[in-house]
Each structure stands twice: as C-alpha cells, then as structure tokens.
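> Below you'll find upload-v6.pdb; it's PDB, C-alpha atoms.
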```
MODEL        1
ATOM      1  CA  MET Y   1     126.515 135.714  83.948
ATOM      2  CA  SER Y   2     124.528 132.605  84.747
ATOM      3  CA  THR Y   3     121.414 131.403  82.988
ATOM      4  CA  PRO Y   4     118.226 132.727  84.628
ATOM      5  CA  TYR Y   5     115.723 130.422  86.274
ATOM      6  CA  ASP Y   6     112.897 129.618  83.857
ATOM      7  CA  PRO Y   7     109.497 130.842  85.108
ATOM      8  CA  ASN Y   8     107.715 128.384  82.782
ATOM      9  CA  GLN Y   9     106.922 125.310  84.826
ATOM     10  CA  PRO Y  10     107.322 121.948  83.121
ATOM     11  CA  GLU Y  11     104.823 119.321  84.221
ATOM     12  CA  ARG Y  12     106.038 116.685  86.677
ATOM     13  CA  ASP Y  13     105.032 113.922  84.238
ATOM     14  CA  ALA Y  14     107.238 115.492  81.555
ATOM     15  CA  ILE Y  15     110.213 115.632  83.941
ATOM     16  CA  ASP Y  16     109.678 112.039  85.085
ATOM     17  CA  ALA Y  17     109.579 110.894  81.448
ATOM     18  CA  LEU Y  18     112.958 112.427  80.525
ATOM     19  CA  PRO Y  19     115.508 109.736  79.673
ATOM     20  CA  GLY Y  20     119.013 109.739  81.109
ATOM     21  CA  THR Y  21     120.390 111.943  83.854
ATOM     22  CA  VAL Y  22     118.725 115.279  84.570
ATOM     23  CA  ALA Y  23     119.835 117.938  87.046
ATOM     24  CA  LEU Y  24     116.781 119.927  88.074
ATOM     25  CA  GLU Y  25     117.817 123.174  89.783
ATOM     26  CA  PHE Y  26     115.180 125.057  91.782
ATOM     27  CA  GLY Y  27     115.649 128.680  92.835
ATOM     28  CA  THR Y  28     114.963 132.294  91.920
ATOM     29  CA  ASP Y  29     117.023 135.002  90.253
ATOM     30  CA  TRP Y  30     116.731 137.328  93.266
ATOM     31  CA  CYS Y  31     117.821 134.752  95.883
ATOM     32  CA  GLY Y  32     121.273 135.444  97.353
ATOM     33  CA  TYR Y  33     121.908 131.758  98.058
ATOM     34  CA  CYS Y  34     120.984 130.973  94.448
ATOM     35  CA  LYS Y  35     123.358 133.635  93.130
ATOM     36  CA  ALA Y  36     126.156 132.076  95.195
ATOM     37  CA  GLY Y  37     125.280 128.443  94.444
ATOM     38  CA  SER Y  38     124.428 128.641  90.757
ATOM     39  CA  PRO Y  39     128.055 129.082  89.563
ATOM     40  CA  LEU Y  40     129.126 126.095  91.703
ATOM     41  CA  ILE Y  41     126.382 123.980  90.167
ATOM     42  CA  ALA Y  42     127.245 125.169  86.649
ATOM     43  CA  ALA Y  43     130.955 124.393  87.160
ATOM     44  CA  ALA Y  44     130.210 120.852  88.353
ATOM     45  CA  LEU Y  45     127.776 120.286  85.488
ATOM     46  CA  ALA Y  46     130.384 121.483  82.971
ATOM     47  CA  GLU Y  47     132.340 118.340  83.903
ATOM     48  CA  GLN Y  48     129.284 116.183  83.091
ATOM     49  CA  PRO Y  49     128.195 117.172  79.554
ATOM     50  CA  ALA Y  50     125.780 114.230  79.272
ATOM     51  CA  VAL Y  51     123.648 115.572  82.136
ATOM     52  CA  ARG Y  52     120.689 117.718  81.100
ATOM     53  CA  HIS Y  53     120.451 120.856  83.289
ATOM     54  CA  ILE Y  54     117.047 122.458  83.816
ATOM     55  CA  LYS Y  55     116.755 125.619  85.924
ATOM     56  CA  VAL Y  56     113.252 126.107  87.308
ATOM     57  CA  GLU Y  57     111.998 129.230  89.053
ATOM     58  CA  ASP Y  58     110.412 128.173  92.325
ATOM     59  CA  GLY Y  59     108.177 129.945  94.808
ATOM     60  CA  SER Y  60     104.843 129.943  96.519
ATOM     61  CA  GLY Y  61     102.225 128.079  94.517
ATOM     62  CA  ARG Y  62     104.762 126.493  92.165
ATOM     63  CA  LYS Y  63     103.616 122.903  91.703
ATOM     64  CA  LEU Y  64     106.841 121.360  90.433
ATOM     65  CA  GLY Y  65     108.884 122.494  93.423
ATOM     66  CA  ARG Y  66     106.205 121.271  95.805
ATOM     67  CA  SER Y  67     106.062 117.887  94.071
ATOM     68  CA  PHE Y  68     109.791 117.501  94.781
ATOM     69  CA  LYS Y  69     109.340 118.838  98.345
ATOM     70  CA  VAL Y  70     111.751 121.735  97.769
ATOM     71  CA  LYS Y  71     112.035 123.880 100.894
ATOM     72  CA  LEU Y  72     115.285 125.860 100.448
ATOM     73  CA  TRP Y  73     117.000 127.388  97.421
ATOM     74  CA  PRO Y  74     118.930 126.481  95.500
ATOM     75  CA  THR Y  75     118.009 122.820  95.507
ATOM     76  CA  LEU Y  76     119.487 120.525  92.878
ATOM     77  CA  VAL Y  77     117.543 117.302  92.326
ATOM     78  CA  ILE Y  78     119.398 114.731  90.244
ATOM     79  CA  LEU Y  79     117.216 112.241  88.404
ATOM     80  CA  LYS Y  80     118.030 109.269  86.229
ATOM     81  CA  ASP Y  81     115.212 108.040  84.013
ATOM     82  CA  GLY Y  82     112.734 109.869  86.261
ATOM     83  CA  LYS Y  83     114.003 108.462  89.568
ATOM     84  CA  GLU Y  84     115.626 110.763  92.139
ATOM     85  CA  LEU Y  85     119.151 109.581  92.916
ATOM     86  CA  ALA Y  86     120.673 112.560  94.706
ATOM     87  CA  ARG Y  87     119.847 115.979  96.083
ATOM     88  CA  VAL Y  88     122.017 118.946  97.033
ATOM     89  CA  VAL Y  89     120.576 121.854  99.004
ATOM     90  CA  ARG Y  90     122.498 125.148  99.160
ATOM     91  CA  PRO Y  91     125.823 123.730  97.990
ATOM     92  CA  ALA Y  92     128.868 125.104  99.784
ATOM     93  CA  ASP Y  93     131.329 124.123  97.060
ATOM     94  CA  ARG Y  94     131.605 122.540  93.636
ATOM     95  CA  ALA Y  95     132.838 119.239  95.101
ATOM     96  CA  GLU Y  96     129.516 118.706  96.877
ATOM     97  CA  VAL Y  97     127.671 118.940  93.570
ATOM     98  CA  SER Y  98     130.276 116.856  91.721
ATOM     99  CA  THR Y  99     129.960 114.067  94.295
ATOM    100  CA  ALA Y 100     126.180 113.956  93.871
ATOM    101  CA  LEU Y 101     126.533 113.873  90.075
ATOM    102  CA  GLU Y 102     129.080 111.050  90.296
ATOM    103  CA  GLN Y 103     126.751 109.050  92.556
ATOM    104  CA  ALA Y 104     123.987 109.412  89.994
ATOM    105  CA  ALA Y 105     126.311 108.420  87.145
ATOM    106  CA  GLN Y 106     127.251 105.194  88.944
ATOM    107  CA  ALA Y 107     123.639 104.187  89.619
TER     108      ALA Y 107
ENDMDL
END
```
Translate the structure described by the file into structure tokens.

Amino acid sequence: MSTPYDPNQPERDAIDALPGTVALEFGTDWCGYCKAGSPLIAAALAEQPAVRHIKVEDGSGRKLGRSFKVKLWPTLVILKDGKELARVVRPADRAEVSTALEQAAQA
C-alpha cells in the first residue's frame, strides 16, 4: 500500500527553502490516475534515496498546487534548492520518472 497524500498543506516559502532535491507529488487518494502513477513514482524514488519525497493532497482551493500550476494528477515537481528542474505529469512508466530524477541530479 502506498503512502497517502497529506492533506496538510506546507507553505510555498517552506518548500522553496528546502535544501537539496525534493520530489513534490500532487494528487489525491481517490484519483485513479494517482493510484496507477504513485507506485511508479515510488519505485523510481527508491533508486534515489537522497531525494526527499513529499506527497501533497491537491484540489480546488489548494494554494500550493495552484502556485505550481498543477492541472492534472498525479504531477511530480522536482526541485533542487527551491528551483524547479523537472516535472512529470501522469507518468506512464517508472523510466519517465527516473529520467526526470536523473536530470535533476545532474543539474
């Protein structure tokens, strides 16, 4: 079973201030695309133990998702020292996520 999306919204400033590489995953627990994509994201992240993974529940009126212009779920935003380096929307396979993580690691 995968980790549920956290309904507690961190502030954008707090996310931007996080050091290192952060994978910010937006979605909801009831979303079919999220249920399919979350294991792919988790498998790719298991290969990158230094990356901090934060699952954020998104939806109408959720400020953090809007600040990152999230439109579809799941959306994985990969940040390094607060700067967006890659984004994966509705991943089809683990390789898509792994490629984005590798791009961020090389930046």
> Set the distance at 10 Å and use all atoms listed in the file: which residues neighbour Y:Leu40 once local chain neighbours fewer than 2 positions away are removed? I'd like the list as a list in words.
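The residues satisfying every condition are Cys34, Lys35, Ala36, Gly37, Ser38, Ala42, Ala43, Ala44, Leu45, Ala46, Pro91, Ala92, Asp93, Arg94, Ala95, Glu96, Val97 and Ser98 of chain Y.
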> Going by the chain IDs and residue numbers used in this file, which residues fall under the PyMOL selection byres ((chain Y and resi 24) around 9)? Write them as a PyMOL selection string.
chain Y and resi 15+22-23+25-26+52-56+75-79
> Those same residues, written as a short mmCIF file (atom, residue, chain, number, x, y, z; two decimals), keeping the file's coordinate frame with C-alpha atoms?

```
data_model
loop_
_atom_site.label_atom_id
_atom_site.label_comp_id
_atom_site.auth_asym_id
_atom_site.auth_seq_id
_atom_site.Cartn_x
_atom_site.Cartn_y
_atom_site.Cartn_z
CA ILE Y 15 110.21 115.63 83.94
CA VAL Y 22 118.72 115.28 84.57
CA ALA Y 23 119.84 117.94 87.05
CA GLU Y 25 117.82 123.17 89.78
CA PHE Y 26 115.18 125.06 91.78
CA ARG Y 52 120.69 117.72 81.10
CA HIS Y 53 120.45 120.86 83.29
CA ILE Y 54 117.05 122.46 83.82
CA LYS Y 55 116.76 125.62 85.92
CA VAL Y 56 113.25 126.11 87.31
CA THR Y 75 118.01 122.82 95.51
CA LEU Y 76 119.49 120.52 92.88
CA VAL Y 77 117.54 117.30 92.33
CA ILE Y 78 119.40 114.73 90.24
CA LEU Y 79 117.22 112.24 88.40
#
```
> Check the smallest atom-to-atom distance from each of Y:Ala86, Y:Ala100, Y:Leu64, Y:Ala105 to Y:Gln9 using all atoms listed in the file, then report the winner.
Y:Leu64
> Using all atoms listed in the file, find the one residue out of Y:Gly59, Y:Pro74, Y:Gly65, Y:Pro49 that sits nearest to Y:Glu11.
Y:Gly65
> Where does the PyMOL selection byres ((chain Y and resi 82) around 8) land in this file, that is, which residues does it pick, as an mmCIF file with C-alpha atoms, in the coordinates of the input?

```cif
data_model
loop_
_atom_site.group_PDB
_atom_site.id
_atom_site.type_symbol
_atom_site.label_atom_id
_atom_site.label_comp_id
_atom_site.auth_asym_id
_atom_site.auth_seq_id
_atom_site.Cartn_x
_atom_site.Cartn_y
_atom_site.Cartn_z
ATOM 1 C CA ILE Y 15 110.213 115.632 83.941
ATOM 2 C CA ASP Y 16 109.678 112.039 85.085
ATOM 3 C CA ALA Y 17 109.579 110.894 81.448
ATOM 4 C CA LEU Y 18 112.958 112.427 80.525
ATOM 5 C CA PRO Y 19 115.508 109.736 79.673
ATOM 6 C CA LEU Y 79 117.216 112.241 88.404
ATOM 7 C CA LYS Y 80 118.030 109.269 86.229
ATOM 8 C CA ASP Y 81 115.212 108.040 84.013
ATOM 9 C CA LYS Y 83 114.003 108.462 89.568
ATOM 10 C CA GLU Y 84 115.626 110.763 92.139
#
```
> May I ask for the distance between atom CA of Y:Ala104 and atom CA of Y:Leu85, given in Å to one decimal place?
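Atom-to-atom, atom CA of Y:Ala104 and atom CA of Y:Leu85 are spaced 5.7 Å apart.
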> What is the atom CA of Y:Leu72-atom CA of Y:Ala107 distance in Å, reported with one decimal?
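Atom CA of Y:Ala107 lies 25.6 Å from atom CA of Y:Leu72.
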> Just so I have it separately, write stretch 12-98 of chain Y from the block I sent, keeping C-alpha atoms, as an mmCIF file, in the first residue's frame.

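The resulting file, decode02.cif, is shown below:
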```
data_model
loop_
_atom_site.group_PDB
_atom_site.id
_atom_site.type_symbol
_atom_site.label_atom_id
_atom_site.label_comp_id
_atom_site.auth_asym_id
_atom_site.auth_seq_id
_atom_site.Cartn_x
_atom_site.Cartn_y
_atom_site.Cartn_z
ATOM 1 C CA ARG Y 12 5.272 27.579 -0.661
ATOM 2 C CA ASP Y 13 8.037 29.506 1.139
ATOM 3 C CA ALA Y 14 8.816 26.421 3.238
ATOM 4 C CA ILE Y 15 9.042 24.234 0.119
ATOM 5 C CA ASP Y 16 11.240 26.760 -1.697
ATOM 6 C CA ALA Y 17 13.581 26.888 1.312
ATOM 7 C CA LEU Y 18 14.195 23.115 1.417
ATOM 8 C CA PRO Y 19 17.816 22.282 0.605
ATOM 9 C CA GLY Y 20 18.767 19.579 -1.872
ATOM 10 C CA THR Y 21 16.491 17.686 -4.223
ATOM 11 C CA VAL Y 22 12.792 17.418 -3.413
ATOM 12 C CA ALA Y 23 10.140 15.466 -5.309
ATOM 13 C CA LEU Y 24 6.793 17.118 -4.674
ATOM 14 C CA GLU Y 25 3.945 14.797 -5.695
ATOM 15 C CA PHE Y 26 0.474 16.308 -6.106
ATOM 16 C CA GLY Y 27 -2.660 14.160 -6.243
ATOM 17 C CA THR Y 28 -5.500 12.676 -4.217
ATOM 18 C CA ASP Y 29 -6.109 9.267 -2.680
ATOM 19 C CA TRP Y 30 -9.319 8.743 -4.678
ATOM 20 C CA CYS Y 31 -7.823 9.601 -8.098
ATOM 21 C CA GLY Y 32 -7.464 6.582 -10.403
ATOM 22 C CA TYR Y 33 -4.504 8.114 -12.241
ATOM 23 C CA CYS Y 34 -2.824 8.744 -8.882
ATOM 24 C CA LYS Y 35 -3.399 5.150 -7.780
ATOM 25 C CA ALA Y 36 -1.753 3.961 -11.004
ATOM 26 C CA GLY Y 37 1.090 6.500 -11.005
ATOM 27 C CA SER Y 38 2.041 6.538 -7.338
ATOM 28 C CA PRO Y 39 3.751 3.095 -7.365
ATOM 29 C CA LEU Y 40 5.761 4.114 -10.458
ATOM 30 C CA ILE Y 41 6.883 7.286 -8.713
ATOM 31 C CA ALA Y 42 7.717 5.394 -5.511
ATOM 32 C CA ALA Y 43 9.756 2.789 -7.431
ATOM 33 C CA ALA Y 44 11.801 5.470 -9.206
ATOM 34 C CA LEU Y 45 12.346 7.359 -5.951
ATOM 35 C CA ALA Y 46 13.534 4.161 -4.237
ATOM 36 C CA GLU Y 47 16.542 4.338 -6.581
ATOM 37 C CA GLN Y 48 17.271 7.904 -5.396
ATOM 38 C CA PRO Y 49 17.421 7.743 -1.572
ATOM 39 C CA ALA Y 50 18.847 11.273 -1.292
ATOM 40 C CA VAL Y 51 15.684 12.781 -2.798
ATOM 41 C CA ARG Y 52 13.081 13.953 -0.290
ATOM 42 C CA HIS Y 53 9.572 12.827 -1.344
ATOM 43 C CA ILE Y 54 6.585 14.899 -0.242
ATOM 44 C CA LYS Y 55 3.066 13.792 -1.199
ATOM 45 C CA VAL Y 56 0.587 16.669 -1.136
ATOM 46 C CA GLU Y 57 -3.176 16.330 -1.451
ATOM 47 C CA ASP Y 58 -4.333 18.717 -4.152
ATOM 48 C CA GLY Y 59 -7.734 20.025 -5.165
ATOM 49 C CA SER Y 60 -9.877 23.071 -5.586
ATOM 50 C CA GLY Y 61 -8.715 25.933 -3.395
ATOM 51 C CA ARG Y 62 -5.385 24.295 -2.554
ATOM 52 C CA LYS Y 63 -2.811 27.081 -2.713
ATOM 53 C CA LEU Y 64 0.350 25.013 -3.068
ATOM 54 C CA GLY Y 65 -0.873 23.169 -6.151
ATOM 55 C CA ARG Y 66 -2.017 26.419 -7.725
ATOM 56 C CA SER Y 67 1.341 28.063 -7.019
ATOM 57 C CA PHE Y 68 2.995 25.267 -9.021
ATOM 58 C CA LYS Y 69 0.288 25.484 -11.727
ATOM 59 C CA VAL Y 70 -0.758 21.850 -11.244
ATOM 60 C CA LYS Y 71 -3.617 20.959 -13.584
ATOM 61 C CA LEU Y 72 -3.611 17.131 -13.746
ATOM 62 C CA TRP Y 73 -2.875 14.425 -11.183
ATOM 63 C CA PRO Y 74 -0.529 12.998 -10.343
ATOM 64 C CA THR Y 75 2.012 15.708 -11.021
ATOM 65 C CA LEU Y 76 5.561 15.285 -9.762
ATOM 66 C CA VAL Y 77 7.528 18.528 -9.472
ATOM 67 C CA ILE Y 78 11.244 18.022 -8.908
ATOM 68 C CA LEU Y 79 13.035 20.877 -7.179
ATOM 69 C CA LYS Y 80 16.657 21.437 -6.287
ATOM 70 C CA ASP Y 81 17.306 24.096 -3.667
ATOM 71 C CA GLY Y 82 13.848 25.541 -4.370
ATOM 72 C CA LYS Y 83 14.205 25.738 -8.160
ATOM 73 C CA GLU Y 84 12.028 23.562 -10.410
ATOM 74 C CA LEU Y 85 14.206 21.368 -12.616
ATOM 75 C CA ALA Y 86 11.754 18.797 -13.946
ATOM 76 C CA ARG Y 87 8.088 17.887 -13.994
ATOM 77 C CA VAL Y 88 6.266 14.652 -14.788
ATOM 78 C CA VAL Y 89 2.504 14.617 -15.301
ATOM 79 C CA ARG Y 90 0.630 11.293 -15.206
ATOM 80 C CA PRO Y 91 3.694 9.091 -15.652
ATOM 81 C CA ALA Y 92 3.196 6.100 -17.930
ATOM 82 C CA ASP Y 93 6.155 4.147 -16.564
ATOM 83 C CA ARG Y 94 8.927 4.228 -13.991
ATOM 84 C CA ALA Y 95 11.533 5.174 -16.614
ATOM 85 C CA GLU Y 96 9.796 8.501 -17.239
ATOM 86 C CA VAL Y 97 10.133 9.405 -13.570
ATOM 87 C CA SER Y 98 13.691 8.052 -13.339
#
```
